[in-house]
Amino acid sequence: MVPDITRIIESITQRDQDTVQLLLNRYNTQVTDYCISLPYQCLFMQPWKLSQLQPAVLRVCLHTLRILSRDRRALGPMVTDSALLTLANMGGIALLQEEDGEVCRKEALKVLCNIIYNSPQAQERASALRPPTLIRTQKSPENNNNTGLVSESCASPLLQSSVVYSLCQERGVSVLTKALEQCLAVRWAVEYEVLTDSTEPPISKEVSQKVIEILKTLFNITHMFHRQEPDEEDAALYRHLAAVLRHCLLLSCDGEDTLEELQGHTVNVLSALPLTCLDVLVSVPVDQASHKCEGVNMDCVHKLLLFMDRRLNRGLKLKEKLTPVLNLLTESSRVHRETRCYLRQKILPPLRDVAIRPEQDSALRGQLVRLMTHVDTDVKDCAAELLFVLCKENVSRFVKYTGYGNAAGLLAARGLLNGRRNPSDSQYSSDSDSDTEEYREAKARINLVTGRVEAEQPDPMEGMTDEEKEEEARHLMSMINRLSREQIIQPMGVTAEGRLAPLWGQMSDCTLEEREDEDEDEDLNLMPDGRKDKQME
């Protein structure tokens with residue numbers, strides 16, 4: 001049944017708040033599946049101001065506005081400076097302190113999110129109106145210092161590039177980093193080192209959700225500029241943020257799912273920071289470290305490794321959930337020798353069991369090798385790149401740990417199929433990669449394609465004469481040529497540059513020779529006058 005909009009408007013005009021609440025509740029239920037354009041100004045401007053409404057009525061009005069703001073065709077009255085600022089203010093702290101105040105604040109921010117998301121004009125106006133008004137100042141109950149806090153639901157509007165850019169101009173990273181510090185009650189030891197006490201109780205779900213929303217917004221800001229080389233001031237700011245993010249990774253949360261979500265968003269932000277600023281993750285005292293490598297604290301890297309392992313085991317939404325941490329570990333390994341050494345010990349330990357294929361390994365190596373043939377190109381490339389960097393981009397070592405069949409995709413893309421030395425090898429240190437006794441004994445019998453020792457197979461040409469072998473080879477080449485001509489297969493070869501290329505030249509010559517042989521056979525079946533022998537038809 002279509003809601004009686006006329007009666008709703010009449011009740012608003014008559015200032016009958018009880019009737020308005022009743023009718024709007026009914027209206028909200030009925031328009032869940034279809035949007036009806038109720039005049040926004042009747043709710044927004046006259047005869048009441050929203051802030052003058054009773055809390056329960058205000059809440060239901062905002063709920064109605066949220067439903068209507070999904071309709072892009074009816075956003076006109078909402079895309080005004082007055083409307084945007086009203087919602088922004090209601091999303092801040094200038095709201096009722098009653099129990100409904102928090103609900104109303106979130107509803108107002110959700111309406112604002114929908115408007116900015118659905119309206120390019122609203123995006124421009126929000127940018128001009130200084131989006132940092134969404135970042136509010138609130139007095140902490142623990143002290144009287146004014147500390148910046150980000151509203152939990154402000155991340156969605158900030159997805160719009162114009163708003164994000166404006167927020168960056170207003171030093172949004174600095175403000176949001178301070179908000180993060182305040183939420184986590186961060187205590188600093190020295191510059192770029194946060195004190196982390198493993199005996200402290202897990203942070204509550206409420207605090208975790210606030211931290212997650214701040215991290216979402218930080219990612220949207222930093223991701224836009226992460227490829228730019230930071231100046232000295234920005235580098236210091238990002239290092240400061242990286243230190244707080246390191247603290248986030250080492251925290252414990254109330255609930256495994258909450259911890260997983262918080263760490264996931266932390267990884268996303270870390271992956272968007274300049275690589276030169278990630279040294280903060282390992283440049284902390286090693287005295288109390290649970291995991292070390294060559295005198296460097298690896299606790300943070302170990303947390304990232306465990307996080308990657310959990311995402312691998314879940315196997316869901318790999319592109320979205322797994323590729324950020326794969327990229328982060330890859331780039332960190334590329335620029336930090338100790339990180340690479342530690343990850344290589346955990347992911348590519350010295351080979352001992354050479355009787356199984358690399359992709360059949362149940363450890364981390366096998367899980368990543370299996371991804372090297374994944375249907376999603378991004379997942380496949382990220383997994384291969386991490387293993388390649390852990391092998392210091394050395395082709396023979398990469399093939400040793402993954403098998404030539406699995407490695408072929410990355411090697412072909414880089415022009416390394418001919419096994420030549422990669423120019424990137426010179427970027428890495430000369431740390432050793434000694435083989436185990438088991439590997440040295442089996443090395444001569446390892447099949448490079450499969451990466452394992454294969455059972456000996458009988459020679460299929462055993463007992464054949466040289467003429468029979470030659471005839472078999474010609475027959476095989478003939479079948480390949482026919483499949484190629486019919487475009488069922490395309491024979492490929494490795495060029496001098498180490499890349500795959502079609503064997504057009506070789507195949508053309510063989511095909512021409514084969515056709516000449518077929519023509520000769522056909523000529524033998526012709527009569528002297530050019531007619532075919534009927535007996536041969």
# chains A, B, ... in the order shown; residues from 1 in each chain; ligands from 1

call {"tool": "closest_atom_pairs", "arguments": {"of": "range 264-342 of chain A", "to": "range 227-239 of chain A", "cutoff": "12 Å", "atoms": "only C-alpha atoms", "output": "Markdown table"}}
result
| residue | atom | partner | partner_atom | distance |
| --- | --- | --- | --- | --- |
| A:Val269 | CA | A:Tyr238 | CA | 10.5 |
| A:Leu270 | CA | A:Tyr238 | CA | 9.6 |
| A:Ser271 | CA | A:Arg227 | CA | 10.8 |
| A:Ala272 | CA | A:Arg227 | CA | 8.2 |
| A:Leu273 | CA | A:Tyr238 | CA | 6.9 |
| A:Pro274 | CA | A:Arg227 | CA | 7.0 |
| A:Leu275 | CA | A:Arg227 | CA | 9.3 |
| A:Thr276 | CA | A:Ala235 | CA | 8.1 |
| A:Cys277 | CA | A:Arg239 | CA | 5.2 |
| A:Leu278 | CA | A:Arg239 | CA | 7.1 |
| A:Asp279 | CA | A:Arg239 | CA | 8.3 |
| A:Val280 | CA | A:Arg239 | CA | 6.3 |
| A:Leu281 | CA | A:Arg239 | CA | 9.1 |
| A:Val282 | CA | A:Arg239 | CA | 11.8 |
| A:Ser283 | CA | A:Arg239 | CA | 10.9 |

call {"tool": "write_last_selection", "arguments": {"atoms": "N, CA and C atoms", "output": "short mmCIF file (atom, residue, chain, number, x, y, z; two decimals), in the first residue's frame"}}
result
data_model
loop_
_atom_site.label_atom_id
_atom_site.label_comp_id
_atom_site.auth_asym_id
_atom_site.auth_seq_id
_atom_site.Cartn_x
_atom_site.Cartn_y
_atom_site.Cartn_z
N VAL A 269 46.46 0.17 5.29
CA VAL A 269 47.09 1.49 5.43
C VAL A 269 48.60 1.37 5.26
N LEU A 270 49.20 0.35 5.86
CA LEU A 270 50.66 0.16 5.72
C LEU A 270 51.05 -0.01 4.26
N SER A 271 50.23 -0.72 3.50
CA SER A 271 50.55 -0.95 2.09
C SER A 271 50.45 0.32 1.26
N ALA A 272 49.78 1.35 1.80
CA ALA A 272 49.63 2.62 1.08
C ALA A 272 50.69 3.65 1.47
N LEU A 273 51.50 3.33 2.50
CA LEU A 273 52.53 4.27 2.93
C LEU A 273 53.78 4.16 2.06
N PRO A 274 54.58 5.22 1.97
CA PRO A 274 55.84 5.13 1.20
C PRO A 274 56.75 4.06 1.78
N LEU A 275 57.42 3.33 0.91
CA LEU A 275 58.28 2.23 1.36
C LEU A 275 59.40 2.72 2.26
N THR A 276 59.88 3.91 1.99
CA THR A 276 60.99 4.43 2.79
C THR A 276 60.62 4.66 4.24
N CYS A 277 59.31 4.67 4.54
CA CYS A 277 58.86 4.93 5.90
C CYS A 277 58.56 3.65 6.67
N LEU A 278 58.67 2.50 6.01
CA LEU A 278 58.32 1.23 6.66
C LEU A 278 59.45 0.67 7.51
N ASP A 279 60.63 1.33 7.50
CA ASP A 279 61.72 0.84 8.34
C ASP A 279 61.36 0.94 9.82
N VAL A 280 60.35 1.77 10.12
CA VAL A 280 59.90 1.91 11.51
C VAL A 280 59.39 0.59 12.07
N LEU A 281 58.88 -0.28 11.20
CA LEU A 281 58.31 -1.55 11.66
C LEU A 281 59.36 -2.45 12.31
N VAL A 282 60.61 -2.30 11.91
CA VAL A 282 61.66 -3.18 12.43
C VAL A 282 62.74 -2.42 13.20
N SER A 283 62.71 -1.10 13.17
CA SER A 283 63.76 -0.32 13.85
C SER A 283 63.36 0.01 15.28
#

call {"tool": "select_by_dssp", "arguments": {"residues": "range 313-504 of chain A", "states": "strand (DSSP E)", "output": "PyMOL selection string"}}
result
chain A and resi 446-447+452-453+492-494+500-502

call {"tool": "write_last_selection", "arguments": {"atoms": "N, CA and C atoms", "output": "PDB file, in the first residue's frame"}}
result
ATOM      1  N   ILE A 446      66.249 -34.600  -9.855  1.00  0.00           N
ATOM      2  CA  ILE A 446      65.060 -33.756  -9.714  1.00  0.00           C
ATOM      3  C   ILE A 446      64.586 -33.295 -11.086  1.00  0.00           C
ATOM      4  N   ASN A 447      63.300 -33.458 -11.340  1.00  0.00           N
ATOM      5  CA  ASN A 447      62.683 -32.957 -12.571  1.00  0.00           C
ATOM      6  C   ASN A 447      62.447 -31.460 -12.396  1.00  0.00           C
ATOM      7  N   ARG A 452      60.467 -32.003  -8.306  1.00  0.00           N
ATOM      8  CA  ARG A 452      60.632 -33.133  -7.393  1.00  0.00           C
ATOM      9  C   ARG A 452      61.332 -34.277  -8.112  1.00  0.00           C
ATOM     10  N   VAL A 453      61.726 -35.273  -7.339  1.00  0.00           N
ATOM     11  CA  VAL A 453      62.303 -36.488  -7.918  1.00  0.00           C
ATOM     12  C   VAL A 453      61.173 -37.350  -8.436  1.00  0.00           C
ATOM     13  N   MET A 492      54.983 -22.631 -29.288  1.00  0.00           N
ATOM     14  CA  MET A 492      55.745 -21.466 -28.817  1.00  0.00           C
ATOM     15  C   MET A 492      57.186 -21.874 -28.576  1.00  0.00           C
ATOM     16  N   GLY A 493      58.040 -20.887 -28.615  1.00  0.00           N
ATOM     17  CA  GLY A 493      59.442 -21.097 -28.320  1.00  0.00           C
ATOM     18  C   GLY A 493      59.982 -19.939 -27.513  1.00  0.00           C
ATOM     19  N   VAL A 494      61.192 -20.081 -26.984  1.00  0.00           N
ATOM     20  CA  VAL A 494      61.835 -19.047 -26.192  1.00  0.00           C
ATOM     21  C   VAL A 494      62.800 -18.276 -27.072  1.00  0.00           C
ATOM     22  N   LEU A 500      58.551 -15.854 -24.468  1.00  0.00           N
ATOM     23  CA  LEU A 500      57.827 -16.786 -25.323  1.00  0.00           C
ATOM     24  C   LEU A 500      57.400 -16.083 -26.607  1.00  0.00           C
ATOM     25  N   ALA A 501      57.512 -16.799 -27.723  1.00  0.00           N
ATOM     26  CA  ALA A 501      57.078 -16.255 -29.016  1.00  0.00           C
ATOM     27  C   ALA A 501      56.598 -17.403 -29.883  1.00  0.00           C
ATOM     28  N   PRO A 502      55.614 -17.161 -30.775  1.00  0.00           N
ATOM     29  CA  PRO A 502      55.116 -18.230 -31.660  1.00  0.00           C
ATOM     30  C   PRO A 502      56.224 -18.720 -32.593  1.00  0.00           C
TER      31      PRO A 502
END

call {"tool": "atom_distance", "arguments": {"atom1": "CA of Ala88 in chain A", "atom2": "CA of Leu109 in chain A"}}
result
6.9 Å

call {"tool": "atom_distance", "arguments": {"atom1": "CA of Arg365 in chain A", "atom2": "CA of Thr402 in chain A"}}
result
8.3 Å
